[in-house]
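As stored in upload-v4.txt (compact mmCIF, C-alpha atoms):
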```txt
# COMPACT_ATOMS: atom_id res chain seq x y z
CA MET A 1472 94.76 102.74 136.69
CA SER A 1473 91.39 102.34 138.41
CA VAL A 1474 89.94 98.93 139.28
CA LEU A 1475 87.19 99.43 136.67
CA LYS A 1476 89.70 100.22 133.91
CA LYS A 1477 91.82 97.19 134.83
CA PHE A 1478 88.75 94.96 134.72
CA LYS A 1479 87.70 96.38 131.36
CA LYS A 1480 91.18 95.89 129.92
CA LYS A 1481 91.31 92.27 131.09
CA PHE A 1482 87.81 91.62 129.77
CA ILE A 1483 88.62 93.01 126.32
CA SER A 1484 91.87 91.04 126.23
CA LYS A 1485 90.00 87.85 127.09
CA LEU A 1486 87.39 88.50 124.39
CA ARG A 1487 90.16 88.96 121.82
CA ARG A 1488 91.78 85.66 122.83
CA ILE A 1489 88.44 83.86 122.55
CA ARG A 1490 87.76 85.41 119.14
CA LYS A 1491 91.22 84.51 117.87
CA HIS A 1492 90.88 80.92 119.06
CA TYR A 1493 87.47 80.54 117.45
CA ARG A 1494 88.53 82.17 114.18
CA TYR A 1495 91.74 80.21 113.61
CA LYS A 1496 91.10 76.95 115.44
CA VAL A 1497 87.42 76.46 114.58
CA TYR A 1498 85.82 78.76 112.02
CA PHE A 1499 88.43 79.08 109.23
CA PRO A 1500 89.34 75.34 109.28
CA LYS A 1501 85.64 74.48 109.09
CA VAL A 1502 85.01 76.90 106.21
CA TYR A 1503 88.00 75.55 104.28
CA SER A 1504 86.91 71.95 104.79
CA SER A 1505 83.42 72.79 103.52
CA TYR A 1506 84.94 73.91 100.21
CA CYS A 1507 87.03 70.75 99.78
CA THR A 1508 84.21 68.69 98.24
CA GLU A 1509 85.41 69.50 94.70
CA PRO A 1510 88.60 67.91 93.30
CA VAL A 1511 91.88 69.84 93.20
CA GLN A 1512 92.42 71.51 89.81
CA GLU A 1513 95.85 70.47 88.55
CA ASN A 1514 96.50 73.76 86.71
CA LYS A 1515 95.13 76.16 89.34
CA VAL A 1516 97.59 78.52 91.03
CA LEU A 1517 96.59 80.88 93.84
CA PHE A 1518 98.71 83.91 94.75
CA LEU A 1519 97.92 84.74 98.37
CA GLU A 1520 98.76 88.39 99.06
CA MET A 1521 98.58 88.79 102.83
CA ARG A 1522 99.04 92.55 103.28
CA PHE A 1523 98.35 94.62 100.21
CA THR A 1524 95.66 95.22 97.59
CA LYS A 1525 97.83 94.29 94.61
CA LEU A 1526 100.43 91.62 94.00
CA SER A 1527 103.76 92.45 95.63
CA ASN A 1528 107.03 92.43 93.72
CA SER A 1529 107.82 88.96 95.08
CA PHE A 1530 105.11 87.49 92.88
CA GLU A 1531 105.30 89.57 89.71
CA LEU A 1532 107.87 87.68 87.61
CA ILE A 1533 106.49 84.26 88.52
CA TYR A 1534 102.93 85.37 87.76
CA LYS A 1535 104.06 86.76 84.41
CA ALA A 1536 105.97 83.59 83.48
CA LEU A 1537 103.05 81.32 84.38
CA GLU A 1538 100.61 83.58 82.55
CA GLU A 1539 102.76 83.61 79.40
CA SER A 1540 103.00 79.81 79.42
CA GLY A 1541 99.22 79.58 78.96
CA GLU A 1542 99.16 76.41 81.04
CA TYR A 1543 97.72 77.69 84.30
CA ASP A 1544 94.54 79.14 85.77
CA LEU A 1545 95.85 82.00 87.91
CA LYS A 1546 93.92 83.42 90.86
CA CYS A 1547 94.79 86.19 93.35
CA SER A 1548 93.47 86.78 96.86
CA TYR A 1549 94.06 89.91 98.93
CA VAL A 1550 93.20 89.42 102.60
CA GLN A 1551 94.86 92.59 104.00
CA PHE A 1552 95.87 90.91 107.26
CA ASN A 1553 96.31 93.50 110.05
CA PHE A 1554 94.97 96.27 107.80
CA ILE A 1555 91.24 95.51 107.84
CA ARG A 1556 89.19 93.85 110.55
CA GLY A 1557 85.81 92.44 111.40
CA ARG A 1558 83.28 91.32 108.83
CA GLU A 1559 85.23 92.59 105.81
CA PHE A 1560 88.34 90.65 106.80
CA THR A 1561 86.34 87.49 107.46
CA GLN A 1562 84.63 87.78 104.08
CA ARG A 1563 87.96 88.21 102.27
CA VAL A 1564 89.40 85.16 104.02
CA ASN A 1565 86.31 83.10 103.20
CA GLU A 1566 86.67 83.99 99.52
CA MET A 1567 90.36 83.11 99.63
CA LEU A 1568 89.69 79.76 101.29
CA LYS A 1569 87.18 78.90 98.56
CA GLU A 1570 89.86 79.46 95.91
CA LEU A 1571 92.52 77.68 97.93
CA ALA A 1572 90.40 74.57 98.44
CA THR A 1573 90.72 73.56 94.77
CA ALA A 1574 94.18 75.01 94.04
CA LYS A 1575 97.08 72.72 93.19
CA TYR A 1576 99.60 75.44 94.02
CA VAL A 1577 99.58 78.40 96.39
CA PHE A 1578 102.26 81.08 96.59
CA VAL A 1579 102.63 83.34 99.64
CA ASP A 1580 105.45 85.76 100.48
CA ASP A 1581 104.83 86.55 104.13
CA ALA A 1582 103.78 85.04 107.43
CA SER A 1583 100.32 83.50 107.17
CA LEU A 1584 98.44 82.45 110.26
CA ILE A 1585 95.48 81.70 107.98
CA LEU A 1586 97.34 79.26 105.74
CA SER A 1587 98.93 77.65 108.78
CA SER A 1588 95.64 77.11 110.62
CA ILE A 1589 93.72 75.05 108.08
CA PRO A 1590 93.84 71.30 107.25
CA LEU A 1591 95.52 71.91 103.88
CA ARG A 1592 94.84 69.21 101.31
CA LYS A 1593 97.80 66.90 100.73
CA GLU A 1594 97.58 67.56 96.97
CA THR A 1595 98.21 71.30 97.41
CA VAL A 1596 101.78 72.59 97.11
CA ALA A 1597 102.43 75.69 99.25
CA ILE A 1598 105.49 77.78 98.38
CA ASN A 1599 106.63 80.77 100.45
CA LEU A 1600 108.56 83.28 98.31
CA TRP A 1601 109.79 85.21 101.33
CA HIS A 1602 109.63 88.95 100.59
CA ALA A 1603 113.16 89.73 101.81
CA CYS A 1604 116.60 88.63 100.66
CA GLY A 1605 119.43 87.53 102.94
CA ALA A 1606 119.00 87.34 106.71
CA PHE A 1607 119.19 90.67 108.54
CA LYS A 1608 116.77 91.56 111.31
CA LYS A 1609 115.11 88.69 113.15
CA PHE A 1610 111.54 87.57 112.50
CA GLY A 1611 109.15 84.76 113.34
CA ARG A 1612 110.24 82.26 115.99
CA SER A 1613 113.60 84.07 116.25
CA THR A 1614 111.82 87.01 117.92
CA ALA A 1615 110.09 84.93 120.59
CA GLU A 1616 110.18 86.85 123.88
CA LEU A 1617 111.67 89.96 122.24
CA LYS A 1618 109.68 93.22 122.23
CA PHE A 1619 108.82 92.80 118.54
CA GLY A 1620 107.70 89.18 118.86
CA SER A 1621 105.12 87.15 120.70
CA SER A 1622 105.78 84.56 123.38
CA ALA A 1623 107.10 81.15 122.35
CA ALA A 1624 103.87 79.60 123.65
CA THR A 1625 101.75 81.87 121.46
CA LEU A 1626 103.88 81.19 118.39
CA ASP A 1627 103.58 77.45 119.01
CA LYS A 1628 99.81 77.69 119.38
CA TYR A 1629 99.35 80.02 116.40
CA PRO A 1630 102.17 79.25 113.93
CA ASN A 1631 102.68 81.50 110.91
CA TYR A 1632 104.65 79.09 108.75
CA GLY A 1633 102.71 75.85 108.81
CA ASN A 1634 101.69 73.78 105.76
CA LEU A 1635 104.68 74.91 103.68
CA THR A 1636 106.11 72.61 101.03
CA HIS A 1637 108.98 74.91 100.03
CA VAL A 1638 110.51 78.22 101.11
CA THR A 1639 112.77 79.98 98.60
CA VAL A 1640 115.76 82.08 99.74
CA SER A 1641 118.65 84.04 98.26
CA SER A 1642 121.64 81.91 99.30
CA PRO A 1643 122.63 78.65 101.01
CA GLU A 1644 124.23 80.79 103.75
CA VAL A 1645 120.84 81.91 105.13
CA ILE A 1646 118.94 78.63 105.11
CA TRP A 1647 119.61 78.11 108.83
CA ALA A 1648 118.08 81.47 109.74
CA TYR A 1649 114.83 80.73 107.91
CA GLU A 1650 114.61 77.26 109.43
CA GLU A 1651 114.95 78.89 112.85
CA ALA A 1652 112.54 81.77 112.16
CA MET A 1653 109.89 79.58 110.54
CA HIS A 1654 110.45 76.64 112.90
CA LEU A 1655 110.85 74.27 109.95
CA PRO A 1656 112.65 70.94 109.52
CA LYS A 1657 115.58 70.66 107.13
CA GLY A 1658 114.79 70.28 103.44
CA ILE A 1659 111.92 72.76 103.11
CA VAL A 1660 114.04 75.93 102.78
CA LYS A 1661 115.83 75.95 99.43
CA ALA A 1662 118.38 78.37 97.93
CA THR A 1663 116.74 78.86 94.53
CA GLY A 1664 117.40 82.59 94.51
CA VAL A 1665 114.73 85.29 94.84
CA SER A 1666 112.53 85.75 91.78
CA ARG A 1667 112.29 89.52 91.75
CA THR A 1668 116.09 89.93 91.56
CA ASP A 1669 116.11 88.43 88.06
CA GLN A 1670 115.26 91.81 86.56
CA PHE A 1671 118.50 93.30 87.88
CA TYR A 1672 120.32 91.15 85.33
CA ASP A 1673 118.27 92.69 82.50
CA LYS A 1674 120.45 95.59 81.27
CA GLU A 1675 117.63 97.16 79.31
CA PHE A 1676 115.40 97.18 82.39
CA VAL A 1677 118.12 98.69 84.59
CA GLU A 1678 118.96 101.44 82.10
CA SER A 1679 115.30 102.35 81.61
CA ARG A 1680 114.76 102.97 85.32
CA ARG A 1681 116.97 106.05 85.39
CA GLN A 1682 114.98 107.54 82.52
CA LYS A 1683 111.83 106.84 84.49
CA LEU A 1684 113.34 108.74 87.43
CA TYR A 1685 114.19 111.72 85.21
CA GLU A 1686 110.58 111.90 84.01
CA ILE A 1687 109.40 112.33 87.59
CA MET A 1688 112.37 114.31 88.92
CA PRO A 1689 114.15 116.16 86.07
CA GLU A 1690 116.47 117.79 88.63
CA ALA A 1691 118.22 114.42 89.00
CA LYS A 1692 119.79 114.71 85.52
CA GLY A 1693 123.52 115.27 85.78
CA LYS A 1694 123.51 114.54 89.53
CA LYS A 1695 124.45 111.49 91.57
CA VAL A 1696 121.44 109.82 93.15
CA ILE A 1697 121.34 108.96 96.86
CA LEU A 1698 118.60 106.51 97.78
CA TYR A 1699 117.44 106.82 101.39
CA ALA A 1700 115.37 103.73 102.24
CA PRO A 1701 114.97 103.03 105.97
CA THR A 1702 112.96 100.16 107.38
CA PHE A 1703 109.89 100.80 109.51
CA ARG A 1704 109.81 101.21 113.29
CA GLY A 1705 107.26 99.65 115.63
CA HIS A 1706 104.64 97.03 114.83
CA VAL A 1707 103.19 96.40 111.37
CA ALA A 1708 99.76 97.95 111.96
CA THR A 1709 101.20 101.19 113.43
CA ALA A 1710 104.48 101.38 111.53
CA SER A 1711 106.37 104.69 111.42
CA SER A 1712 109.43 105.87 109.50
CA PRO A 1713 112.55 107.68 110.77
CA ASP A 1714 112.64 111.47 110.56
CA ARG A 1715 116.33 112.01 111.27
CA ILE A 1716 117.65 113.85 108.22
CA ASP A 1717 117.75 117.66 108.08
CA PHE A 1718 117.11 117.99 104.35
CA GLU A 1719 117.70 121.75 104.42
CA ARG A 1720 121.21 121.23 105.78
CA PHE A 1721 121.90 118.34 103.38
CA CYS A 1722 120.73 120.53 100.50
CA ARG A 1723 123.15 123.31 101.44
CA GLU A 1724 126.08 120.91 101.60
CA LEU A 1725 125.31 118.43 98.82
CA ASP A 1726 123.06 120.18 96.28
CA ASN A 1727 125.81 120.77 93.71
CA GLU A 1728 126.56 117.08 93.30
CA TYR A 1729 123.63 115.02 94.60
CA VAL A 1730 119.87 114.55 94.82
CA ILE A 1731 118.18 112.40 97.46
CA VAL A 1732 115.24 110.13 96.69
CA CYS A 1733 113.35 108.55 99.59
CA LYS A 1734 111.55 105.23 99.65
CA HIS A 1735 109.66 104.39 102.83
CA HIS A 1736 108.51 100.92 103.85
CA PRO A 1737 105.06 100.05 102.45
CA PHE A 1738 103.69 99.55 105.98
CA VAL A 1739 104.24 103.24 106.78
CA LYS A 1740 101.06 105.27 106.29
CA ASN A 1741 102.35 108.74 107.29
CA PRO A 1742 105.98 109.22 106.25
CA PRO A 1743 107.93 112.40 107.10
CA ILE A 1744 107.15 115.32 104.79
CA ILE A 1745 109.89 117.03 102.79
CA PRO A 1746 109.26 120.82 102.47
CA GLU A 1747 108.13 121.99 99.04
CA GLU A 1748 111.09 124.36 98.65
CA LEU A 1749 113.49 121.40 98.91
CA GLN A 1750 111.75 119.16 96.36
CA HIS A 1751 114.35 119.98 93.70
CA PHE A 1752 116.94 118.28 95.91
CA ALA A 1753 115.06 115.71 97.98
CA ARG A 1754 111.89 113.91 96.98
CA ASP A 1755 109.77 111.16 98.54
CA LEU A 1756 109.08 108.82 95.62
CA THR A 1757 107.46 106.03 97.62
CA LYS A 1758 104.17 106.32 95.70
CA TYR A 1759 105.73 106.87 92.29
CA LEU A 1760 108.59 104.41 91.83
CA SER A 1761 109.12 100.87 93.06
CA ILE A 1762 112.08 99.89 95.19
CA GLU A 1763 113.43 98.00 92.17
CA ASP A 1764 113.28 101.19 90.09
CA LEU A 1765 115.17 103.15 92.71
CA LEU A 1766 117.82 100.49 93.39
CA CYS A 1767 118.64 100.58 89.67
CA CYS A 1768 119.00 104.39 89.78
CA ALA A 1769 120.97 104.82 92.99
CA ASP A 1770 124.67 105.70 93.10
CA ILE A 1771 124.69 105.44 96.91
CA CYS A 1772 122.19 103.64 99.14
CA ILE A 1773 121.55 104.81 102.71
CA SER A 1774 119.58 102.39 104.85
CA ASP A 1775 119.62 101.08 108.39
CA TYR A 1776 118.31 97.57 109.01
CA SER A 1777 116.45 96.95 105.76
CA SER A 1778 117.04 93.79 103.74
CA LEU A 1779 117.05 95.84 100.52
CA VAL A 1780 120.80 96.21 101.01
CA PHE A 1781 121.17 92.59 99.95
CA GLU A 1782 119.55 93.37 96.60
CA TYR A 1783 121.55 96.56 96.25
CA SER A 1784 124.76 94.59 96.70
CA LEU A 1785 124.12 93.04 93.26
CA PHE A 1786 125.10 96.43 91.80
CA GLU A 1787 128.38 96.48 93.76
CA LYS A 1788 127.90 100.14 94.70
CA PRO A 1789 128.44 102.06 97.98
CA MET A 1790 126.16 101.67 100.99
CA ILE A 1791 125.95 103.67 104.22
CA PHE A 1792 124.16 102.38 107.31
CA TYR A 1793 122.45 105.15 109.30
CA ALA A 1794 121.90 103.30 112.58
CA TYR A 1795 121.17 106.18 114.96
CA ASP A 1796 118.96 103.93 117.14
CA TYR A 1797 120.99 100.73 116.96
CA ASP A 1798 120.89 99.87 120.68
CA ASN A 1799 117.14 100.31 120.94
CA TYR A 1800 116.46 98.47 117.68
CA CYS A 1801 118.69 95.57 118.69
CA ASP A 1802 116.74 95.19 121.95
CA TRP A 1803 113.47 95.52 120.03
CA ARG A 1804 114.12 92.93 117.33
CA GLY A 1805 117.72 91.70 117.08
CA PHE A 1806 119.87 90.50 114.17
CA TYR A 1807 121.03 87.18 112.78
CA TYR A 1808 124.62 88.40 112.35
CA ASP A 1809 126.81 90.84 114.27
CA TYR A 1810 125.73 94.19 112.86
CA SER A 1811 129.10 95.98 113.00
CA GLU A 1812 130.94 93.11 111.29
CA PHE A 1813 128.17 92.25 108.86
CA THR A 1814 127.53 95.63 107.21
CA PRO A 1815 129.55 96.22 103.98
CA GLY A 1816 129.85 99.98 104.42
CA PRO A 1817 130.23 102.75 107.01
CA VAL A 1818 127.92 102.57 110.04
CA VAL A 1819 127.01 106.05 111.29
CA GLN A 1820 124.82 107.33 114.11
CA THR A 1821 124.66 111.10 113.60
CA GLU A 1822 123.90 113.49 110.76
CA ASP A 1823 127.46 114.80 110.92
CA GLU A 1824 128.84 111.30 110.41
CA LEU A 1825 126.35 110.64 107.62
CA LEU A 1826 127.33 113.78 105.74
CA ASN A 1827 131.00 113.01 106.20
CA SER A 1828 130.54 109.51 104.77
CA ILE A 1829 128.70 110.86 101.72
CA LYS A 1830 131.37 113.49 101.06
CA ASN A 1831 134.16 110.92 101.45
CA ILE A 1832 132.42 107.95 99.88
CA ASP A 1833 135.20 107.42 97.32
CA THR A 1834 137.72 106.68 100.07
CA GLN A 1835 135.30 104.88 102.42
CA PHE A 1836 133.83 102.57 99.78
CA ASP A 1837 135.40 99.10 99.87
CA LYS A 1838 134.09 97.39 96.72
CA GLN A 1839 135.60 94.02 97.57
CA LYS A 1840 133.72 94.01 100.88
CA VAL A 1841 130.46 94.54 99.00
CA ILE A 1842 131.33 91.77 96.52
CA ASP A 1843 132.08 89.36 99.38
CA PHE A 1844 128.78 90.34 101.02
CA LYS A 1845 126.94 89.73 97.75
CA GLU A 1846 128.50 86.33 97.17
CA LYS A 1847 127.74 85.23 100.73
CA PHE A 1848 124.13 86.36 101.00
CA MET A 1849 122.96 86.55 97.36
CA GLY A 1850 124.86 83.61 95.92
CA SER A 1851 121.78 81.99 94.33
CA CYS A 1852 120.51 85.20 92.71
CA ASP A 1853 121.94 84.99 89.19
CA GLY A 1854 119.07 86.08 86.94
CA HIS A 1855 117.47 82.61 86.74
CA ALA A 1856 115.67 82.29 90.09
CA THR A 1857 112.19 82.44 88.53
CA GLU A 1858 112.99 79.47 86.29
CA ARG A 1859 114.24 77.43 89.23
CA ILE A 1860 111.21 78.23 91.39
CA ILE A 1861 108.79 77.21 88.64
CA ALA A 1862 110.76 74.00 88.11
CA LEU A 1863 110.56 73.36 91.86
CA MET A 1864 106.81 73.93 91.74
CA LYS A 1865 106.41 71.40 88.93
CA GLU A 1866 108.36 68.73 90.79
CA ASN A 1867 105.39 68.06 93.06
```
Do you think you could lay out the structure here as structure tokens?
Amino acid sequence: MSVLKKFKKKFISKLRRIRKHYRYKVYFPKVYSSYCTEPVQENKVLFLEMRFTKLSNSFELIYKALEESGEYDLKCSYVQFNFIRGREFTQRVNEMLKELATAKYVFVDDASLILSSIPLRKETVAINLWHACGAFKKFGRSTAELKFGSSAATLDKYPNYGNLTHVTVSSPEVIWAYEEAMHLPKGIVKATGVSRTDQFYDKEFVESRRQKLYEIMPEAKGKKVILYAPTFRGHVATASSPDRIDFERFCRELDNEYVIVCKHHPFVKNPPIIPEELQHFARDLTKYLSIEDLLCCADICISDYSSLVFEYSLFEKPMIFYAYDYDNYCDWRGFYYDYSEFTPGPVVQTEDELLNSIKNIDTQFDKQKVIDFKEKFMGSCDGHATERIIALMKEN
């Protein structure tokens, strides 16, 4: 690299640091404070969606319950953190801060540097409905100094989990991991269960999902459904999805008995393309069905390091872990539990092993191991989590 390029790189990096400091240490706190002249509205609830342009599944059941009660003024803000930049991002945050300034309650389901950086009013109750169940791959403070994470010094200076009154999780077993990841004192993380899992205890909902699948993919009728749902690779803003299944080969060997439906992580913008001639056997349904829909439909779930396996364990059905890049991923991000001991199903690293596990799933499936996994990591998810979270909200 030339001297000029090195200088330019350092200069741009310095400008970014200055802008970040000004935005989160000066500008946003000042804007928020300027909106705090009006009193807090006791019935106002703000749903702060950090990433997407509609409410995520973490919020849906709580929003619906509060709406049906008729007691609350519900607001939603979509800041699209890491997905938009510049003036548009600043404007969205300003609008969110205006709503937040008079809200009695705020729900968030992700890291929020914005929420953490402001002098939040003592009357406001902030509840993080973390978007994942269990405790699988590391996040937050647990990734300090790893490739995926920032330095400990940066995370201390710009915390993502400040100002939280409560954090809701799926089981008492995982409280320690969230306290570590979010750098929180004891008592804030509570095992209420995860709201969105309540619908898995609604038999009518579960049965209707398969019919919804058949409407989109009629070829699935009379076949067993394999859900392939890998987590993303890389950083959030440039996330990619694995492309390590030869669907033509899988079609030749499994077509008589199975169909495969794929669900890629919502951060992934350009998922692998399945050839048109194989669509009768394998289909990417990321844009058409929710992960909840597909978990209800699946007879086998293939994943890797995704926390959706915790939710799938509620169905007590077979799982296969396709961990072809385990060593690299472990160095990149790490896990809270020993991966080989923790996974309640076969761990495979090649297509041959994956096919073999599918063909022999009846003998490789240990239902009791899945039940034990469920009870350990999903012990507070019993169909009544939404009720408990709303009761927790009203306590303050």
Near-region 1744-1752 of chain A list (12 Å; all atoms listed in the file; drop same-chain fewer than 6 positions) as a VMD selection string: chain A and resid 1685 1687 to 1692 1694 to 1697 1712 to 1733 1735
Give me the residues near Lys1838 (chain A) as a list in words, where near means some atom within 8 Å (using only C-alpha atoms) and where sequence neighbours in that chain fewer than 4 positions away do not count. Glu1787, Lys1788, Pro1789 and Ile1842 of chain A
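Restricting the calculation to all atoms listed in the file, the smallest distance between Glu1824 (chain A) and any of A:Asp1802, A:Arg1487, A:Cys1852, A:Ala1794 is found for A:Ala1794.
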Distance in Å - CA of Ile1791 (chain A) versus CA of Lys1734 (chain A):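 Separating CA of Ile1791 (chain A) from CA of Lys1734 (chain A) is a distance of 15.2 Å.
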Show me, as a ChimeraX atom specification, the residues that have an atom within 10 Å of Val1819 (chain A) when counting all atoms listed in the file, minus same-chain residues fewer than 2 positions from it. /A:1775,1791-1795,1797,1816-1817,1821-1828
In the coordinates of the file, take the point (109.1, 83.1, 113.6) and a cut-off of 8 Å; then, counting all atoms listed in the file, name each qualifying protein, DNA or RNA residue as number ranges by chain. A: 1610-1615, 1626, 1630-1632, 1651-1654
Okay, now the selection with C-alpha atoms, as a PDB file, keeping the file's coordinate frame?
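Writing the result to out22.pdb gives the following:
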```pdb
ATOM      1  CA  PHE A1610     111.540  87.570 112.500  1.00  0.00           C
ATOM      2  CA  GLY A1611     109.150  84.760 113.340  1.00  0.00           C
ATOM      3  CA  ARG A1612     110.240  82.260 115.990  1.00  0.00           C
ATOM      4  CA  SER A1613     113.600  84.070 116.250  1.00  0.00           C
ATOM      5  CA  THR A1614     111.820  87.010 117.920  1.00  0.00           C
ATOM      6  CA  ALA A1615     110.090  84.930 120.590  1.00  0.00           C
ATOM      7  CA  LEU A1626     103.880  81.190 118.390  1.00  0.00           C
ATOM      8  CA  PRO A1630     102.170  79.250 113.930  1.00  0.00           C
ATOM      9  CA  ASN A1631     102.680  81.500 110.910  1.00  0.00           C
ATOM     10  CA  TYR A1632     104.650  79.090 108.750  1.00  0.00           C
ATOM     11  CA  GLU A1651     114.950  78.890 112.850  1.00  0.00           C
ATOM     12  CA  ALA A1652     112.540  81.770 112.160  1.00  0.00           C
ATOM     13  CA  MET A1653     109.890  79.580 110.540  1.00  0.00           C
ATOM     14  CA  HIS A1654     110.450  76.640 112.900  1.00  0.00           C
TER      15      HIS A1654
END
```
Report as a PyMOL selection string all protein, DNA and RNA residues lying within 10 Å of His1706 (chain A), evaluated on all atoms listed in the file, omitting residues in the same chain fewer than 5 positions from it. chain A and resi 1618-1620+1711+1738
Centre and size of axis-aligned box enclosing region 1833-1845 of chain A plus 3 Å each side, as JSON:
```
{"center_x": 132.3, "center_y": 98.4, "center_z": 99.5, "size_x": 16.8, "size_y": 24.1, "size_z": 11.9}
```
What separation in Å, quoted to one decimal, exists between CA of Phe1499 (chain A) and CA of Leu1571 (chain A)? 12.1 Å
Residue nearest Cys1507 (chain A) among A:Glu1594, A:Glu1686, A:Glu1846, A:Glu1644 (counting all atoms listed in the file): A:Glu1594
Can you pull out every residue within 12 Å of Val1640 (chain A), counting only C-alpha atoms, but drop anything in the same chain fewer than 3 positions away, and send it as an mmCIF file with C-alpha atoms, keeping the file's coordinate frame?
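Wrote it out as result.cif, contents follow:
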```cif
data_model
loop_
_atom_site.group_PDB
_atom_site.id
_atom_site.type_symbol
_atom_site.label_atom_id
_atom_site.label_comp_id
_atom_site.auth_asym_id
_atom_site.auth_seq_id
_atom_site.Cartn_x
_atom_site.Cartn_y
_atom_site.Cartn_z
ATOM 1 C CA SER A 1529 107.820 88.960 95.080
ATOM 2 C CA ASP A 1580 105.450 85.760 100.480
ATOM 3 C CA ILE A 1598 105.490 77.780 98.380
ATOM 4 C CA ASN A 1599 106.630 80.770 100.450
ATOM 5 C CA LEU A 1600 108.560 83.280 98.310
ATOM 6 C CA TRP A 1601 109.790 85.210 101.330
ATOM 7 C CA HIS A 1602 109.630 88.950 100.590
ATOM 8 C CA ALA A 1603 113.160 89.730 101.810
ATOM 9 C CA CYS A 1604 116.600 88.630 100.660
ATOM 10 C CA GLY A 1605 119.430 87.530 102.940
ATOM 11 C CA ALA A 1606 119.000 87.340 106.710
ATOM 12 C CA HIS A 1637 108.980 74.910 100.030
ATOM 13 C CA PRO A 1643 122.630 78.650 101.010
ATOM 14 C CA GLU A 1644 124.230 80.790 103.750
ATOM 15 C CA VAL A 1645 120.840 81.910 105.130
ATOM 16 C CA ILE A 1646 118.940 78.630 105.110
ATOM 17 C CA TRP A 1647 119.610 78.110 108.830
ATOM 18 C CA ALA A 1648 118.080 81.470 109.740
ATOM 19 C CA TYR A 1649 114.830 80.730 107.910
ATOM 20 C CA GLU A 1650 114.610 77.260 109.430
ATOM 21 C CA ILE A 1659 111.920 72.760 103.110
ATOM 22 C CA VAL A 1660 114.040 75.930 102.780
ATOM 23 C CA LYS A 1661 115.830 75.950 99.430
ATOM 24 C CA ALA A 1662 118.380 78.370 97.930
ATOM 25 C CA THR A 1663 116.740 78.860 94.530
ATOM 26 C CA GLY A 1664 117.400 82.590 94.510
ATOM 27 C CA VAL A 1665 114.730 85.290 94.840
ATOM 28 C CA SER A 1666 112.530 85.750 91.780
ATOM 29 C CA ARG A 1667 112.290 89.520 91.750
ATOM 30 C CA THR A 1668 116.090 89.930 91.560
ATOM 31 C CA PHE A 1781 121.170 92.590 99.950
ATOM 32 C CA PHE A 1848 124.130 86.360 101.000
ATOM 33 C CA MET A 1849 122.960 86.550 97.360
ATOM 34 C CA GLY A 1850 124.860 83.610 95.920
ATOM 35 C CA SER A 1851 121.780 81.990 94.330
ATOM 36 C CA CYS A 1852 120.510 85.200 92.710
ATOM 37 C CA ALA A 1856 115.670 82.290 90.090
ATOM 38 C CA THR A 1857 112.190 82.440 88.530
ATOM 39 C CA ARG A 1859 114.240 77.430 89.230
ATOM 40 C CA ILE A 1860 111.210 78.230 91.390
#
```
